[in-house]
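Heads up, start-v6.txt below (compact mmCIF, C-alpha atoms):
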# COMPACT_ATOMS: atom_id res chain seq x y z
CA MET A 1 8.19 -10.40 -24.95
CA ARG A 2 8.31 -7.66 -22.29
CA GLU A 3 10.63 -7.13 -19.33
CA CYS A 4 9.25 -6.75 -15.84
CA ILE A 5 11.95 -5.35 -13.57
CA PHE A 6 10.99 -5.28 -9.94
CA HIS A 7 12.85 -3.64 -7.09
CA PHE A 8 12.70 -5.13 -3.62
CA LYS A 9 14.16 -4.82 -0.16
CA VAL A 10 15.56 -7.72 1.82
CA LEU A 11 14.69 -6.90 5.43
CA ARG A 12 16.76 -8.91 7.91
CA GLY A 13 17.17 -7.92 11.54
CA GLY A 14 17.61 -4.17 11.65
CA SER A 15 19.12 -3.83 8.19
CA SER A 16 17.83 -3.75 4.64
CA LYS A 17 19.37 -4.32 1.25
CA LEU A 18 17.98 -3.06 -2.07
CA LEU A 19 17.98 -5.49 -5.00
CA ARG A 20 16.35 -5.94 -8.41
CA ALA A 21 15.12 -8.92 -10.37
CA LEU A 22 13.72 -9.59 -13.82
CA ILE A 23 10.65 -11.46 -15.04
CA MET A 24 9.99 -11.95 -18.76
CA LEU A 25 6.31 -11.58 -19.75
CA ASP A 26 4.58 -12.82 -22.90
CA GLY A 27 2.29 -10.41 -24.73
CA GLU A 28 0.21 -8.14 -22.51
CA ARG A 29 0.31 -10.50 -19.52
CA GLN A 30 0.83 -8.88 -16.10
CA PRO A 31 3.15 -10.45 -13.48
CA THR A 32 1.52 -12.84 -11.03
CA ILE A 33 2.42 -13.80 -7.47
CA THR A 34 3.76 -17.08 -8.86
CA ASP A 35 6.08 -15.10 -11.18
CA PHE A 36 7.48 -13.25 -8.17
CA THR A 37 7.92 -16.37 -6.02
CA ASN A 38 9.64 -18.17 -8.92
CA ALA A 39 11.98 -15.21 -9.49
CA PHE A 40 12.80 -15.12 -5.77
CA GLN A 41 13.42 -18.87 -5.80
CA GLN A 42 15.93 -18.45 -8.65
CA LEU A 43 17.72 -15.95 -6.40
CA GLY A 44 17.81 -18.46 -3.53
CA TYR A 45 14.83 -17.15 -1.54
CA ARG A 46 12.10 -19.73 -0.87
CA VAL A 47 9.13 -17.51 0.00
CA LYS A 48 5.36 -17.23 0.06
CA LEU A 49 3.16 -14.16 -0.10
CA GLU A 50 2.53 -12.68 3.35
CA ASN A 51 0.84 -9.38 2.50
CA GLU A 52 -0.84 -9.08 -0.90
CA ARG A 53 -1.61 -5.37 -0.58
CA GLU A 54 2.00 -4.39 0.14
CA LEU A 55 3.62 -7.26 -1.83
CA ILE A 56 5.62 -8.56 1.12
CA PHE A 57 6.95 -12.11 1.03
CA ALA A 58 8.11 -14.27 3.96
CA PRO A 59 10.37 -17.34 3.96
CA THR A 60 8.86 -20.81 3.97
CA ASN A 61 11.85 -22.44 5.69
CA GLY A 62 11.79 -20.65 9.06
CA GLU A 63 14.50 -18.10 8.31
CA ASP A 64 14.04 -14.57 9.64
CA TYR A 65 13.74 -12.09 6.75
CA LYS A 66 11.10 -10.41 4.60
CA LEU A 67 11.14 -9.41 0.94
CA ASP A 68 9.29 -6.18 0.20
CA VAL A 69 8.58 -5.38 -3.47
CA THR A 70 8.87 -1.59 -3.68
CA ARG A 71 8.55 -0.90 -7.40
CA ILE A 72 7.54 -2.74 -10.57
CA GLU A 73 8.47 -1.52 -14.04
CA ILE A 74 7.15 -3.16 -17.18
CA LYS A 75 9.11 -2.29 -20.30
CA GLY A 76 7.49 -3.09 -23.61
CA GLU A 77 8.59 -2.62 -27.17
CA ASP A 78 6.91 0.78 -27.50
CA ASN A 79 5.96 1.89 -23.97
CA GLU A 80 6.98 1.73 -20.34
CA GLN A 81 4.58 1.44 -17.41
CA MET A 82 5.10 1.95 -13.71
CA GLN A 83 2.89 -0.65 -12.03
CA HIS A 84 3.62 -0.43 -8.32
CA ASP A 85 5.51 2.08 -6.25
CA GLY A 86 5.21 1.10 -2.59
CA GLU A 87 6.92 4.20 -1.21
CA LEU A 88 4.71 6.59 -3.20
CA LYS A 89 1.63 4.63 -2.16
CA ALA A 90 2.63 4.83 1.52
CA ILE A 91 3.16 8.60 1.30
CA VAL A 92 -0.20 9.15 -0.40
CA GLU A 93 -2.01 6.94 2.15
CA HIS A 94 -0.34 8.84 5.01
CA LEU A 95 -1.38 12.20 3.53
CA VAL A 96 -4.96 11.00 3.01
CA ARG A 97 -5.17 9.73 6.61
CA THR A 98 -3.82 13.00 8.06
CA THR A 99 -6.13 15.24 6.06
CA TRP A 100 -9.32 13.46 7.11

Will you turn the file into structure tokens for me?
Amino acid sequence: MRECIFHFKVLRGGSSKLLRALIMLDGERQPTITDFTNAFQQLGYRVKLENERELIFAPTNGEDYKLDVTRIEIKGEDNEQMQHDGELKAIVEHLVRTTW
């Protein structure tokens, strides 16, 4: 059993709040979109995927907020992997666009 800790922002109005959540993974399985939506539902957020590339989720009940997954860490018994770092990805994409 491995831990998948993911960091996300709750974006509501002009403010944001940083939070974390945990998904438990069997074997070498990677987290799925369903894993994220189920974890959000346990936290009281009923959401669906809005942007797969950026891992942004939107509410299904008409509320006005977004959930933005910024980092995913998978911790195994003998190793730790960084799977997604949205801020680093945005910086790299910006640098690539400005150098072309």

Considering all atoms listed in the file, give me a table of residues in segment 1-55 of chain A that are at most 7 Å from segment 60-74 of chain A, with the closest atom pair and distance in Å for each, as JSON lines.
{"residue": "A:Arg2", "atom": "CA", "partner": "A:Ile74", "partner_atom": "CA", "distance": 6.9}
{"residue": "A:Glu3", "atom": "CA", "partner": "A:Ile74", "partner_atom": "CA", "distance": 5.7}
{"residue": "A:Cys4", "atom": "CA", "partner": "A:Ile74", "partner_atom": "CA", "distance": 4.4}
{"residue": "A:Ile5", "atom": "CA", "partner": "A:Glu73", "partner_atom": "CA", "distance": 5.2}
{"residue": "A:Phe6", "atom": "CA", "partner": "A:Ile72", "partner_atom": "CA", "distance": 4.3}
{"residue": "A:His7", "atom": "CA", "partner": "A:Arg71", "partner_atom": "CA", "distance": 5.1}
{"residue": "A:Phe8", "atom": "CA", "partner": "A:Val69", "partner_atom": "CA", "distance": 4.1}
{"residue": "A:Lys9", "atom": "CA", "partner": "A:Asp68", "partner_atom": "CA", "distance": 5.1}
{"residue": "A:Val10", "atom": "CA", "partner": "A:Leu67", "partner_atom": "CA", "distance": 4.8}
{"residue": "A:Leu11", "atom": "CA", "partner": "A:Lys66", "partner_atom": "CA", "distance": 5.1}
{"residue": "A:Arg12", "atom": "CA", "partner": "A:Tyr65", "partner_atom": "CA", "distance": 4.5}
{"residue": "A:Arg46", "atom": "CA", "partner": "A:Thr60", "partner_atom": "CA", "distance": 5.9}
{"residue": "A:Val47", "atom": "CA", "partner": "A:Thr60", "partner_atom": "CA", "distance": 5.2}
{"residue": "A:Lys48", "atom": "CA", "partner": "A:Thr60", "partner_atom": "CA", "distance": 6.4}
{"residue": "A:Leu55", "atom": "CA", "partner": "A:Val69", "partner_atom": "CA", "distance": 5.6}

- request: Would you please work out which residue, of A:Asn38, A:Met1, A:Phe57, A:Gly76, is nearest to Asp26 of chain A when using all atoms listed in the file?
  value: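 Among A:Asn38, A:Met1, A:Phe57, A:Gly76, it is A:Met1 that comes nearest to Asp26 of chain A.
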
- prompt: Hey, can you check how far atom CA of Gly44 of chain A sits from atom CA of Ser16 of chain A?
  reply: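 Between these atoms lies a distance of 16.8 Å.
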
field: Distance in Å - atom CA of Leu18 of chain A versus atom CA of Pro31 of chain A
entry: 20.1 Å

task: Could you tell me which of A:Ala21, A:Leu49, A:Lys75, A:Pro59 comes closest to Thr34 of chain A if we count all atoms listed in the file?
output: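 Going through A:Ala21, A:Leu49, A:Lys75, A:Pro59 one by one, the smallest distance to Thr34 of chain A is for A:Leu49.
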
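The nearest approach to Tyr45 of chain A among the residues A:Ala58, A:Leu19, A:Ile33, A:Leu25, with all atoms listed in the file taken into account, belongs to A:Ala58.
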
message: One decimal, in Å: what's the spacing between atom CA of Lys17 of chain A and atom CA of Ala39 of chain A?
response: 17.0 Å
